[in-house]
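Source file: start16.cif. Holds: mmCIF, C-alpha atoms.
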data_work
#
loop_
_atom_site.label_atom_id
_atom_site.label_comp_id
_atom_site.auth_asym_id
_atom_site.auth_seq_id
_atom_site.Cartn_x
_atom_site.Cartn_y
_atom_site.Cartn_z
CA MET A 1 3.64 74.79 135.40
CA ALA A 2 7.00 76.13 134.23
CA GLY A 3 6.96 79.34 132.31
CA ARG A 4 3.67 80.59 133.70
CA ARG A 5 3.93 83.76 135.65
CA THR A 6 1.78 86.56 136.89
CA GLU A 7 2.17 89.64 134.75
CA VAL A 8 3.93 92.25 136.91
CA ASP A 9 2.80 95.66 135.77
CA ASP A 10 4.39 98.88 137.00
CA ARG A 11 1.83 99.28 139.77
CA LEU A 12 2.40 95.78 141.13
CA HIS A 13 6.20 96.14 140.79
CA ASP A 14 6.16 99.39 142.76
CA TYR A 15 4.08 97.67 145.41
CA ILE A 16 6.59 94.77 145.69
CA LEU A 17 9.55 97.12 145.97
CA ALA A 18 7.84 99.38 148.49
CA ASN A 19 6.96 96.46 150.73
CA SER A 20 9.90 94.06 150.47
CA LEU A 21 13.06 95.92 149.52
CA ARG A 22 15.83 96.13 152.17
CA GLU A 23 18.74 97.38 150.09
CA SER A 24 21.46 99.67 151.45
CA GLU A 25 21.97 103.24 150.27
CA VAL A 26 25.18 102.26 148.44
CA LEU A 27 23.44 99.38 146.69
CA ARG A 28 20.61 101.70 145.64
CA ARG A 29 23.05 104.21 144.15
CA LEU A 30 24.91 101.44 142.32
CA ARG A 31 21.63 100.08 140.96
CA GLU A 32 20.51 103.48 139.72
CA GLU A 33 23.91 104.14 138.14
CA THR A 34 23.80 100.76 136.39
CA ALA A 35 20.29 101.52 135.07
CA SER A 36 21.71 104.43 133.07
CA LEU A 37 24.27 102.24 131.23
CA PRO A 38 23.73 101.02 127.63
CA HIS A 39 23.26 97.36 128.66
CA ALA A 40 20.93 98.14 131.53
CA GLY A 41 18.45 95.71 130.00
CA MET A 42 20.64 92.91 131.42
CA GLN A 43 20.09 94.21 134.93
CA ILE A 44 17.93 92.12 137.27
CA GLY A 45 15.42 93.75 139.60
CA PRO A 46 16.48 94.54 143.17
CA GLU A 47 13.84 92.22 144.59
CA ARG A 48 15.35 89.31 142.67
CA GLY A 49 18.90 90.30 143.75
CA GLN A 50 17.73 90.30 147.31
CA PHE A 51 16.34 86.79 146.97
CA MET A 52 19.59 85.51 145.42
CA ALA A 53 21.60 87.04 148.26
CA LEU A 54 19.41 85.13 150.68
CA LEU A 55 20.08 81.87 148.81
CA VAL A 56 23.86 82.47 148.90
CA GLU A 57 23.68 83.15 152.60
CA LEU A 58 21.73 79.92 153.11
CA MET A 59 24.54 77.95 151.42
CA GLY A 60 27.33 79.41 153.61
CA ALA A 61 28.60 78.23 157.00
CA ARG A 62 25.46 78.28 159.12
CA ARG A 63 26.18 75.47 161.59
CA ILE A 64 29.39 75.60 163.53
CA ALA A 65 31.25 73.67 166.19
CA LEU A 66 32.44 75.97 168.99
CA LEU A 67 35.59 75.17 170.97
CA THR A 68 36.56 77.42 173.88
CA PRO A 69 38.82 77.44 176.94
CA TYR A 70 36.10 79.17 178.98
CA LEU A 71 33.93 78.23 181.91
CA ASP A 72 30.49 76.86 181.11
CA GLU A 73 28.58 80.08 181.72
CA ILE A 74 30.62 81.98 179.13
CA ASN A 75 30.30 79.11 176.67
CA HIS A 76 26.52 79.17 176.80
CA THR A 77 26.42 82.97 176.47
CA MET A 78 28.70 82.73 173.43
CA ARG A 79 26.61 79.99 171.88
CA GLY A 80 23.47 82.07 172.39
CA PHE A 81 25.19 85.11 170.89
CA SER A 82 26.05 83.16 167.77
CA GLU A 83 22.59 81.59 167.48
CA ALA A 84 20.83 84.91 167.93
CA ARG A 85 22.75 86.02 164.83
CA GLY A 86 21.49 83.15 162.72
CA VAL A 87 24.42 80.74 163.01
CA SER A 88 23.50 77.58 164.87
CA VAL A 89 25.88 75.89 167.28
CA PRO A 90 24.78 72.27 167.65
CA VAL A 91 28.24 71.14 168.81
CA MET A 92 30.28 72.72 171.58
CA GLY A 93 33.33 71.74 173.61
CA SER A 94 35.53 73.42 176.18
CA PHE A 95 38.80 73.04 178.05
CA ASN A 96 37.04 74.82 180.96
CA GLU A 97 40.27 76.53 182.03
CA PRO A 98 39.68 79.95 183.63
CA ASN A 99 43.39 80.80 184.19
CA ASP A 100 44.47 82.86 181.17
CA ASN A 101 48.16 82.24 181.93
CA LYS A 102 47.49 78.53 181.43
CA VAL A 103 45.29 79.00 178.36
CA GLY A 104 48.23 80.52 176.48
CA ARG A 105 50.16 77.33 177.13
CA ILE A 106 47.52 74.80 176.02
CA SER A 107 49.50 72.90 173.42
CA PRO A 108 48.59 73.27 169.74
CA GLU A 109 48.37 69.47 169.65
CA SER A 110 45.61 69.50 172.28
CA ILE A 111 43.73 72.25 170.43
CA ARG A 112 44.05 70.34 167.21
CA ALA A 113 42.71 67.11 168.75
CA ALA A 114 39.74 68.93 170.31
CA ALA A 115 38.95 70.86 167.11
CA LEU A 116 39.07 67.65 165.07
CA GLU A 117 36.83 65.78 167.50
CA LEU A 118 34.16 68.51 167.42
CA GLY A 119 34.58 69.33 163.74
CA HIS A 120 34.10 65.75 162.56
CA SER A 121 30.42 65.91 163.56
CA ASP A 122 28.01 65.75 160.61
CA LEU A 123 25.95 68.43 162.32
CA VAL A 124 28.47 71.21 161.55
CA ASP A 125 30.09 72.69 158.47
CA ALA A 126 32.78 74.82 160.14
CA VAL A 127 34.78 75.10 163.38
CA PHE A 128 35.33 78.23 165.47
CA VAL A 129 37.93 78.23 168.25
CA ALA A 130 37.21 81.12 170.60
CA CYS A 131 39.80 83.04 172.67
CA THR A 132 42.74 85.17 171.56
CA ALA A 133 45.11 83.26 173.85
CA LEU A 134 44.72 79.88 172.10
CA ARG A 135 47.44 79.23 169.52
CA MET A 136 45.51 78.44 166.37
CA VAL A 137 46.89 80.46 163.48
CA GLU A 138 49.79 78.14 162.73
CA ILE A 139 47.61 75.01 162.69
CA ALA A 140 44.32 76.27 161.21
CA ALA A 141 45.08 75.27 157.61
CA GLU A 142 46.28 71.84 158.69
CA ILE A 143 43.12 71.15 160.74
CA GLU A 144 41.02 72.35 157.81
CA ALA A 145 42.72 69.90 155.49
CA GLU A 146 42.13 67.05 157.92
CA VAL A 147 38.52 67.84 158.78
CA GLY A 148 37.56 69.02 155.28
CA LYS A 149 35.76 72.08 156.69
CA PRO A 150 36.82 75.67 157.26
CA VAL A 151 38.39 76.42 160.63
CA THR A 152 38.86 79.83 162.21
CA SER A 153 39.65 81.30 165.62
CA SER A 154 39.40 84.64 167.41
CA ASN A 155 42.82 85.87 166.24
CA HIS A 156 42.52 84.19 162.84
CA ALA A 157 39.15 85.76 162.10
CA MET A 158 40.01 89.14 163.58
CA ALA A 159 43.34 89.49 161.74
CA TRP A 160 41.52 88.63 158.50
CA HIS A 161 38.79 91.14 159.33
CA CYS A 162 41.37 93.87 160.11
CA LEU A 163 43.05 93.27 156.76
CA ARG A 164 39.83 93.25 154.75
CA LEU A 165 38.40 96.29 156.57
CA ALA A 166 41.67 98.10 155.80
CA GLY A 167 41.26 97.19 152.13
CA ILE A 168 44.07 94.58 152.11
CA GLU A 169 42.89 91.65 150.01
CA ASP A 170 46.17 89.83 149.43
CA THR A 171 45.43 86.10 149.49
CA GLN A 172 47.33 84.01 152.07
CA PRO A 173 46.17 80.42 151.42
CA HIS A 174 48.75 78.98 153.85
CA LEU A 175 46.63 80.52 156.65
CA GLY A 176 43.49 78.66 155.61
CA ARG A 177 40.44 79.10 153.44
CA LEU A 178 39.28 82.33 155.09
CA PHE A 179 42.44 84.13 153.95
CA THR A 180 41.56 83.47 150.32
CA LEU A 181 38.23 85.29 150.70
CA LYS A 182 36.98 88.85 150.61
CA LEU A 183 34.37 90.31 152.90
CA ALA A 184 30.93 89.02 151.92
CA GLY A 185 28.26 91.35 150.52
CA MET B 1 19.96 94.13 165.85
CA ALA B 2 22.35 95.62 168.38
CA ASP B 3 25.60 93.67 168.56
CA THR B 4 25.50 93.48 172.33
CA ALA B 5 21.97 92.16 172.53
CA GLY B 6 20.64 88.69 171.97
CA THR B 7 22.36 85.73 173.52
CA GLU B 8 19.47 83.27 173.46
CA ALA B 9 20.20 79.86 171.97
CA GLN B 10 17.57 78.74 169.49
CA SER B 11 18.59 75.23 168.48
CA GLU B 12 19.31 71.96 170.19
CA LEU B 13 22.75 71.44 171.68
CA ALA B 14 23.59 67.98 170.36
CA VAL B 15 27.14 67.78 171.72
CA ASN B 16 28.50 69.56 174.79
CA ARG B 17 31.97 68.27 175.64
CA MET B 18 32.92 69.74 179.01
CA GLY B 19 36.45 69.58 180.38
CA MET B 20 38.15 68.48 177.18
CA THR B 21 41.61 67.22 178.09
CA PHE B 22 44.65 69.29 177.26
CA GLU B 23 48.37 69.31 177.79
CA MET B 24 50.41 72.43 178.40
CA ASP B 25 53.77 73.20 176.83
CA GLN B 26 56.08 76.17 177.41
CA GLY B 27 53.94 78.47 175.27
CA VAL B 28 55.28 80.84 172.64
CA TYR B 29 58.03 81.87 175.08
CA ALA B 30 59.69 78.45 175.53
CA ARG B 31 63.20 79.99 175.35
CA ALA B 32 62.71 83.67 176.19
CA ALA B 33 59.95 86.08 177.20
CA ILE B 34 60.96 89.65 176.43
CA GLY B 35 58.87 92.62 177.51
CA LEU B 36 59.07 95.88 175.58
CA ILE B 37 57.69 99.27 176.58
CA VAL B 38 56.86 101.09 173.35
CA LEU B 39 56.27 104.82 173.02
CA ALA B 40 52.74 105.77 172.01
CA SER B 41 54.22 107.56 169.00
CA ASP B 42 56.66 104.84 167.84
CA GLN B 43 55.84 103.42 164.40
CA THR B 44 59.02 101.40 163.92
CA ILE B 45 60.22 99.48 166.97
CA GLU B 46 57.61 96.70 166.90
CA TYR B 47 58.16 96.12 163.20
CA GLU B 48 61.93 95.88 163.60
CA PHE B 49 61.86 93.81 166.80
CA ARG B 50 59.51 91.29 165.22
CA ARG B 51 61.87 90.88 162.27
CA ILE B 52 64.77 90.23 164.64
CA PHE B 53 62.88 88.01 167.10
CA ASP B 54 61.89 85.60 164.36
CA LEU B 55 63.52 82.79 166.35
CA PRO B 56 61.86 79.65 167.71
CA GLY B 57 60.61 79.98 171.28
CA VAL B 58 61.47 83.67 171.52
CA ALA B 59 58.46 85.87 172.25
CA LEU B 60 58.03 89.62 172.39
CA PHE B 61 55.34 91.17 174.60
CA GLU B 62 54.66 94.87 174.21
CA SER B 63 53.08 97.59 176.27
CA ARG B 64 52.60 101.20 175.22
CA ILE B 65 53.53 104.26 177.25
CA TYR B 66 52.03 107.69 176.66
CA ASN B 67 54.39 110.34 175.30
CA ASP B 68 54.11 113.70 173.62
CA THR B 69 54.70 113.44 169.86
CA THR B 70 57.02 116.43 170.05
CA ILE B 71 60.28 115.20 171.54
CA THR B 72 61.90 117.72 173.88
CA PRO B 73 63.89 117.15 177.10
CA GLU B 74 60.74 118.09 179.07
CA THR B 75 58.39 115.70 177.24
CA LEU B 76 60.99 112.95 177.58
CA LYS B 77 61.21 113.40 181.35
CA ALA B 78 57.41 113.33 181.63
CA MET B 79 57.38 109.72 180.47
CA ALA B 80 58.71 108.52 183.83
CA ALA B 81 55.20 108.92 185.28
CA GLY B 82 53.79 106.08 183.16
CA MET B 83 56.71 103.65 183.31
CA THR B 84 55.60 101.43 186.20
CA GLU B 85 52.05 101.11 184.88
CA ALA B 86 53.36 100.20 181.41
CA ALA B 87 55.52 97.45 182.94
CA HIS B 88 52.54 96.22 184.99
CA LEU B 89 50.56 95.57 181.83
CA ILE B 90 52.98 92.99 180.41
CA LEU B 91 51.86 89.45 181.31
CA PRO B 92 51.20 89.77 185.03
CA GLY B 93 52.19 86.57 186.80
CA ILE B 94 54.47 85.25 184.05
CA PRO B 95 58.23 85.58 184.52
CA LEU B 96 59.96 87.79 181.95
CA ASP B 97 63.63 87.40 181.05
CA VAL B 98 64.13 91.06 180.17
CA VAL B 99 62.10 94.28 180.12
CA ALA B 100 63.29 96.88 177.62
CA TYR B 101 62.25 100.52 177.52
CA GLY B 102 62.04 101.65 173.91
CA CYS B 103 63.19 105.25 174.00
CA THR B 104 66.79 106.25 173.36
CA SER B 105 66.62 109.86 174.40
CA GLY B 106 64.03 109.12 177.10
CA ALA B 107 66.21 106.55 178.85
CA MET B 108 69.13 108.95 178.66
CA THR B 109 67.13 111.88 180.02
CA ILE B 110 65.37 109.96 182.79
CA GLY B 111 68.48 107.84 183.49
CA ASP B 112 68.85 104.07 183.14
CA ASP B 113 68.94 103.54 186.91
CA LYS B 114 65.71 105.46 187.38
CA VAL B 115 64.06 103.60 184.48
CA ALA B 116 65.06 100.26 186.05
CA GLU B 117 63.79 101.40 189.45
CA LEU B 118 60.39 102.33 187.97
CA ILE B 119 60.15 99.02 186.08
CA HIS B 120 61.19 97.11 189.23
CA GLN B 121 58.21 98.57 191.10
CA ALA B 122 56.08 96.42 188.80
CA ARG B 123 58.60 93.65 188.14
CA PRO B 124 60.96 93.24 191.08
CA GLY B 125 64.44 92.13 190.05
CA VAL B 126 63.81 91.77 186.31
CA THR B 127 66.78 92.46 184.00
CA CYS B 128 66.27 95.85 182.32
CA THR B 129 67.77 97.42 179.27
CA SER B 130 67.36 100.56 177.18
CA PRO B 131 68.76 101.68 173.84
CA MET B 132 71.72 103.54 175.37
CA LYS B 133 72.56 100.76 177.79
CA ALA B 134 72.33 98.25 174.95
CA THR B 135 74.38 100.42 172.62
CA MET B 136 77.21 100.69 175.14
CA ALA B 137 77.17 96.87 175.39
CA ALA B 138 77.17 96.68 171.59
CA PHE B 139 80.20 99.00 171.30
CA GLU B 140 82.00 96.78 173.79
CA ALA B 141 81.17 93.58 171.90
CA LEU B 142 82.20 95.21 168.60
CA GLY B 143 85.37 96.69 170.11
CA ALA B 144 84.31 100.14 168.83
CA ARG B 145 86.04 103.07 170.58
CA ARG B 146 85.39 105.98 168.20
CA ILE B 147 81.94 106.27 166.69
CA ALA B 148 79.92 108.41 164.33
CA LEU B 149 76.55 109.38 165.83
CA LEU B 150 73.51 109.98 163.60
CA THR B 151 70.25 111.16 165.18
CA PRO B 152 66.91 112.76 164.23
CA TYR B 153 66.98 114.94 167.38
CA LEU B 154 67.24 118.61 168.15
CA ASP B 155 70.74 119.90 168.84
CA GLU B 156 70.37 120.02 172.61
CA ILE B 157 69.57 116.30 172.81
CA ASN B 158 72.41 115.48 170.40
CA HIS B 159 75.02 117.15 172.60
CA THR B 160 73.63 115.48 175.71
CA MET B 161 73.82 112.12 173.95
CA ARG B 162 77.37 112.72 172.75
CA GLY B 163 78.37 113.68 176.31
CA PHE B 164 76.63 110.58 177.65
CA ILE B 165 78.58 108.31 175.32
CA GLU B 166 81.91 110.06 175.87
CA ALA B 167 81.46 109.88 179.65
CA ARG B 168 81.41 106.09 179.19
CA GLY B 169 84.78 105.98 177.42
CA ILE B 170 83.66 106.01 173.77
CA SER B 171 84.64 109.06 171.75
CA VAL B 172 82.22 110.70 169.32
CA PRO B 173 84.33 112.81 166.94
CA VAL B 174 81.70 112.77 164.19
CA MET B 175 78.04 113.66 164.61
CA GLY B 176 75.11 114.37 162.26
CA SER B 177 71.38 114.98 162.68
CA PHE B 178 68.14 115.31 160.72
CA ASN B 179 67.01 117.77 163.45
CA GLU B 180 63.39 116.68 163.20
CA PRO B 181 61.50 116.97 166.52
CA ASN B 182 58.19 115.57 165.21
CA ASP B 183 58.26 111.86 166.02
CA ASN B 184 55.49 111.14 163.51
CA LYS B 185 57.77 112.42 160.76
CA VAL B 186 60.86 110.62 162.09
CA GLY B 187 59.17 107.24 161.58
CA ARG B 188 58.73 108.15 157.94
CA ILE B 189 62.30 109.27 157.17
CA SER B 190 63.15 106.97 154.26
CA PRO B 191 65.70 104.16 154.76
CA GLU B 192 67.49 105.60 151.70
CA SER B 193 67.99 108.94 153.49
CA ILE B 194 69.21 107.18 156.63
CA ARG B 195 71.59 105.08 154.58
CA ALA B 196 73.04 108.11 152.79
CA ALA B 197 73.54 110.00 156.07
CA ALA B 198 75.09 106.97 157.82
CA LEU B 199 77.48 106.41 154.91
CA GLU B 200 78.52 110.06 154.83
CA LEU B 201 79.33 110.14 158.55
CA GLY B 202 80.73 106.61 158.70
CA ARG B 203 83.27 107.15 155.93
CA SER B 204 85.30 109.46 158.17
CA ASP B 205 88.71 108.06 159.12
CA LEU B 206 88.08 109.34 162.64
CA VAL B 207 85.53 106.61 163.42
CA ASP B 208 85.45 102.82 163.49
CA ALA B 209 81.69 102.28 163.87
CA VAL B 210 78.36 104.04 163.27
CA PHE B 211 75.48 104.39 165.74
CA VAL B 212 72.08 105.60 164.53
CA ALA B 213 70.09 106.78 167.54
CA CYS B 214 66.28 106.70 167.87
CA THR B 215 63.92 103.75 167.92
CA ALA B 216 61.77 105.37 165.23
CA LEU B 217 64.46 105.33 162.52
CA ARG B 218 64.28 102.31 160.21
CA VAL B 219 67.78 100.84 160.25
CA VAL B 220 67.43 97.11 160.99
CA GLU B 221 66.73 96.06 157.41
CA ILE B 222 69.61 98.11 155.99
CA ALA B 223 72.26 97.78 158.72
CA ALA B 224 74.11 94.81 157.16
CA GLU B 225 74.08 96.50 153.76
CA ILE B 226 75.50 99.79 155.12
CA GLU B 227 78.14 97.79 157.01
CA ALA B 228 79.21 96.00 153.84
CA GLU B 229 79.50 99.30 151.98
CA LEU B 230 81.41 101.03 154.80
CA GLY B 231 83.51 98.14 156.01
CA LYS B 232 82.66 99.20 159.58
CA PRO B 233 80.04 97.91 162.00
CA VAL B 234 76.71 99.76 162.09
CA THR B 235 74.10 99.60 164.81
CA SER B 236 71.02 101.54 165.88
CA SER B 237 68.79 101.89 168.92
CA ASN B 238 66.48 99.03 167.95
CA HIS B 239 69.27 96.97 166.42
CA ALA B 240 71.43 97.18 169.55
CA MET B 241 68.57 96.83 172.02
CA ALA B 242 67.04 93.77 170.32
CA TRP B 243 70.49 92.14 170.31
CA HIS B 244 70.96 93.06 173.97
CA CYS B 245 67.54 91.63 174.92
CA LEU B 246 68.38 88.34 173.21
CA ARG B 247 71.82 88.02 174.78
CA LEU B 248 70.57 89.01 178.25
CA ALA B 249 67.89 86.31 177.89
CA GLY B 250 70.59 83.78 177.02
CA ILE B 251 69.72 83.54 173.31
CA ASP B 252 73.00 83.41 171.39
CA ASP B 253 71.70 82.27 167.98
CA PRO B 254 73.81 83.98 165.32
CA GLN B 255 71.81 86.04 162.76
CA PRO B 256 74.51 87.29 160.35
CA HIS B 257 71.92 88.73 157.92
CA LEU B 258 71.27 91.42 160.56
CA GLY B 259 74.88 92.58 160.67
CA ARG B 260 78.11 91.90 162.53
CA LEU B 261 76.68 92.57 166.00
CA PHE B 262 74.28 89.63 165.64
CA THR B 263 77.19 87.22 165.26
CA LEU B 264 78.61 88.29 168.65
CA LYS B 265 77.98 87.38 172.26
CA LEU B 266 78.02 89.85 175.14
CA ALA B 267 81.58 90.95 175.89
CA GLY B 268 83.25 89.90 179.11
#
Would it be possible to restate this file's structure as structure tokens?
Amino acid sequence: MAGRRTEVDDRLHDYILANSLRESEVLRRLREETASLPHAGMQIGPERGQFMALLVELMGARRIALLTPYLDEINHTMRGFSEARGVSVPVMGSFNEPNDNKVGRISPESIRAAALELGHSDLVDAVFVACTALRMVEIAAEIEAEVGKPVTSSNHAMAWHCLRLAGIEDTQPHLGRLFTLKLAG
Amino acid sequence: MADTAGTEAQSELAVNRMGMTFEMDQGVYARAAIGLIVLASDQTIEYEFRRIFDLPGVALFESRIYNDTTITPETLKAMAAGMTEAAHLILPGIPLDVVAYGCTSGAMTIGDDKVAELIHQARPGVTCTSPMKATMAAFEALGARRIALLTPYLDEINHTMRGFIEARGISVPVMGSFNEPNDNKVGRISPESIRAAALELGRSDLVDAVFVACTALRVVEIAAEIEAELGKPVTSSNHAMAWHCLRLAGIDDPQPHLGRLFTLKLAG
């Protein structure tokens, strides 16, 4: 029945906030500051903001294909690490090459072919290529265009993270979708 | 949740492609692999080297060496202790074409032969260069016999450097210095100040080239411009050493936008 709702009086509202709110200190200060502004009536409650944040998170990349050069044991540890953080890894592939001097010479063409093969799966909505020695940065945007899903790698993601953490938000679309984005949250 | 904890998979692994096939190529160093030992306090050399090494198949691999931020003859000498370890950390097991030690006054104080010996303990037989060694090769390629020397160093180091150059057959009738011993400040001396000082010294009729010493001074992006204004070749520690690394590695691609030196091959 649309439009019907339980009347939330102050007592009930306080109870909801006290028992469900997980906002950060910064967010709390921003919310209180906003409440003092003339148009504060337009402000939504923190419990509703929290629910919307959850919905946004649910729409983001939550299922990834993982490509690595590592031995199987490391691959499974990495997959578990990612899954324990709420991102599922239903698709995984590896070059299984333990010699780091060789990993740096795996051709971009081979990486591209492997990333495309894994990324084409309907089970995933993004591709992550692990290992700082694999040459990905120059081909990430091209693979993205071909697979129609975002692609990132250890160096690609970490360089982006360094820039954003340092407050550098210049967009670099030639490097792929990630480099058009800010830090989430 | 602690970032180091939790590595338990929770969903089904639908695809697990083991042993995916791959081909190997020559890597990012298809034409040249150049190792560079960078001072802990150097803010400039990597930036300038990367600009210059923007050539296909030419790769730069860096290692850092501890140094005191205050540059004195004593702190320069102390760097010798870390040289071998710094060289060890550059791509063990992969052949390098050249290893360069990025300290002008340090290489001069320790001595190029000693620097090479310390690097060879980690990298037997590798070709070594340093800013002073490279600069002498640059003077030879440019045909420069009388130079103006600009440095950021204290007076004692300046006179040692002048003596070093003169002992190798190049006269230094004109010299100037910012006399700034704090390396953290030297990296922030503005290119405009360097340009003005280089022009002032270089205009003298007594000299036919300008050398700006110190890997921390930002000269690479303004060298060609100062040259054009002076009508004389201009080089610097990074400028000369990057050129020397390339030529020693057999890379002769001309890069005229970097100045006259980058159109030349090694002399002789």
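What separates atom CA of Met132 of chain B from atom CA of Asp208 of chain B is a distance of 18.2 Å.
Restricting the calculation to all atoms listed in the file, the smallest distance between Glu23 of chain B and any of A:Ile139, A:Val89, A:Ile16, A:Ile106 is found for A:Ile106.
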Matched chain/residue IDs from the PyMOL selection byres ((chain A and resi 82) around 10), as a list in words: Arg62, Arg63, Ile64, Leu66, His76, Thr77, Met78, Arg79, Gly80, Phe81, Glu83, Ala84, Arg85, Gly86, Val87, Ser88 and Val89 of chain A; Gly6, Thr7, Glu8, Ala9 and Gln10 of chain B
Which of B:Ile45, B:Leu118, B:Ile90, B:Ala213 sits closest to chain A [using all atoms listed in the file]: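 Once distances to chain A are computed over all atoms listed in the file, the minimum belongs to B:Ile90.
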Top pick for closest residue to chain A, considering B:Leu36, B:Ala78, B:Gly93, B:Leu217 and counting all atoms listed in the file: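 Of B:Leu36, B:Ala78, B:Gly93, B:Leu217, the one nearest chain A, counting all atoms listed in the file, is B:Gly93.
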Between atom CA of Arg31 of chain B and atom CA of Pro124 of chain B - distance in Å to one decimal: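 Computing the Euclidean distance for atom CA of Pro124 of chain B and atom CA of Arg31 of chain B yields 20.7 Å.
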Distance query Asp252 of chain B at most 8 Å, all atoms listed in the file, self and fewer than 4 positions along chain excluded, as an MDAnalysis selection string: chainID B and resid 246:247 264:265
Proximal residues of chain B relative to chain A (only C-alpha atoms; 7 Å) as a list in words: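 Going by the stated atoms only, the list reads Gly6, Thr7, Glu8, Ala9, Gln10, Ser11, Glu12, Leu13, Ala14, Val15, Asn16, Arg17, Met18, Gly19, Met20, Thr21, Phe22, Glu23, Met24, Asp25, Gln26 and Gly27 of chain B.
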Residue list as a ChimeraX atom specification for point (85.7, 112.1, 172.6), cut-off 10 Å, only C-alpha atoms: /B:145-147,162-163,165-174
Atomic distance atom CA of Gly148 of chain A - atom CA of Leu175 of chain A, expressed in Å with one decimal: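 Separating atom CA of Gly148 of chain A from atom CA of Leu175 of chain A is a distance of 14.7 Å.
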Exercise: segment 193-204 of chain B partners within 8 Å, all atoms listed in the file, chain neighbours under 2 positions left out, as a ChimeraX atom specification: /B:148-150,174-176,189-191,206-210,212,217-219,222,226,229-230,232
A:Ile74, A:Thr34, A:Asn19, A:Ala141 ranked by distance to Glu47 of chain A, top pick (using only C-alpha atoms):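 Closest to Glu47 of chain A, using only C-alpha atoms: A:Asn19.
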Surrounding residues of Ile37 of chain B excluding itself and chain neighbours under 6 positions, 12 Å, all atoms listed in the file, as a PyMOL selection string: chain B and resi 45-46+49+60-67+79-80+82-90+98-104+106-107+115+119+128-131+215
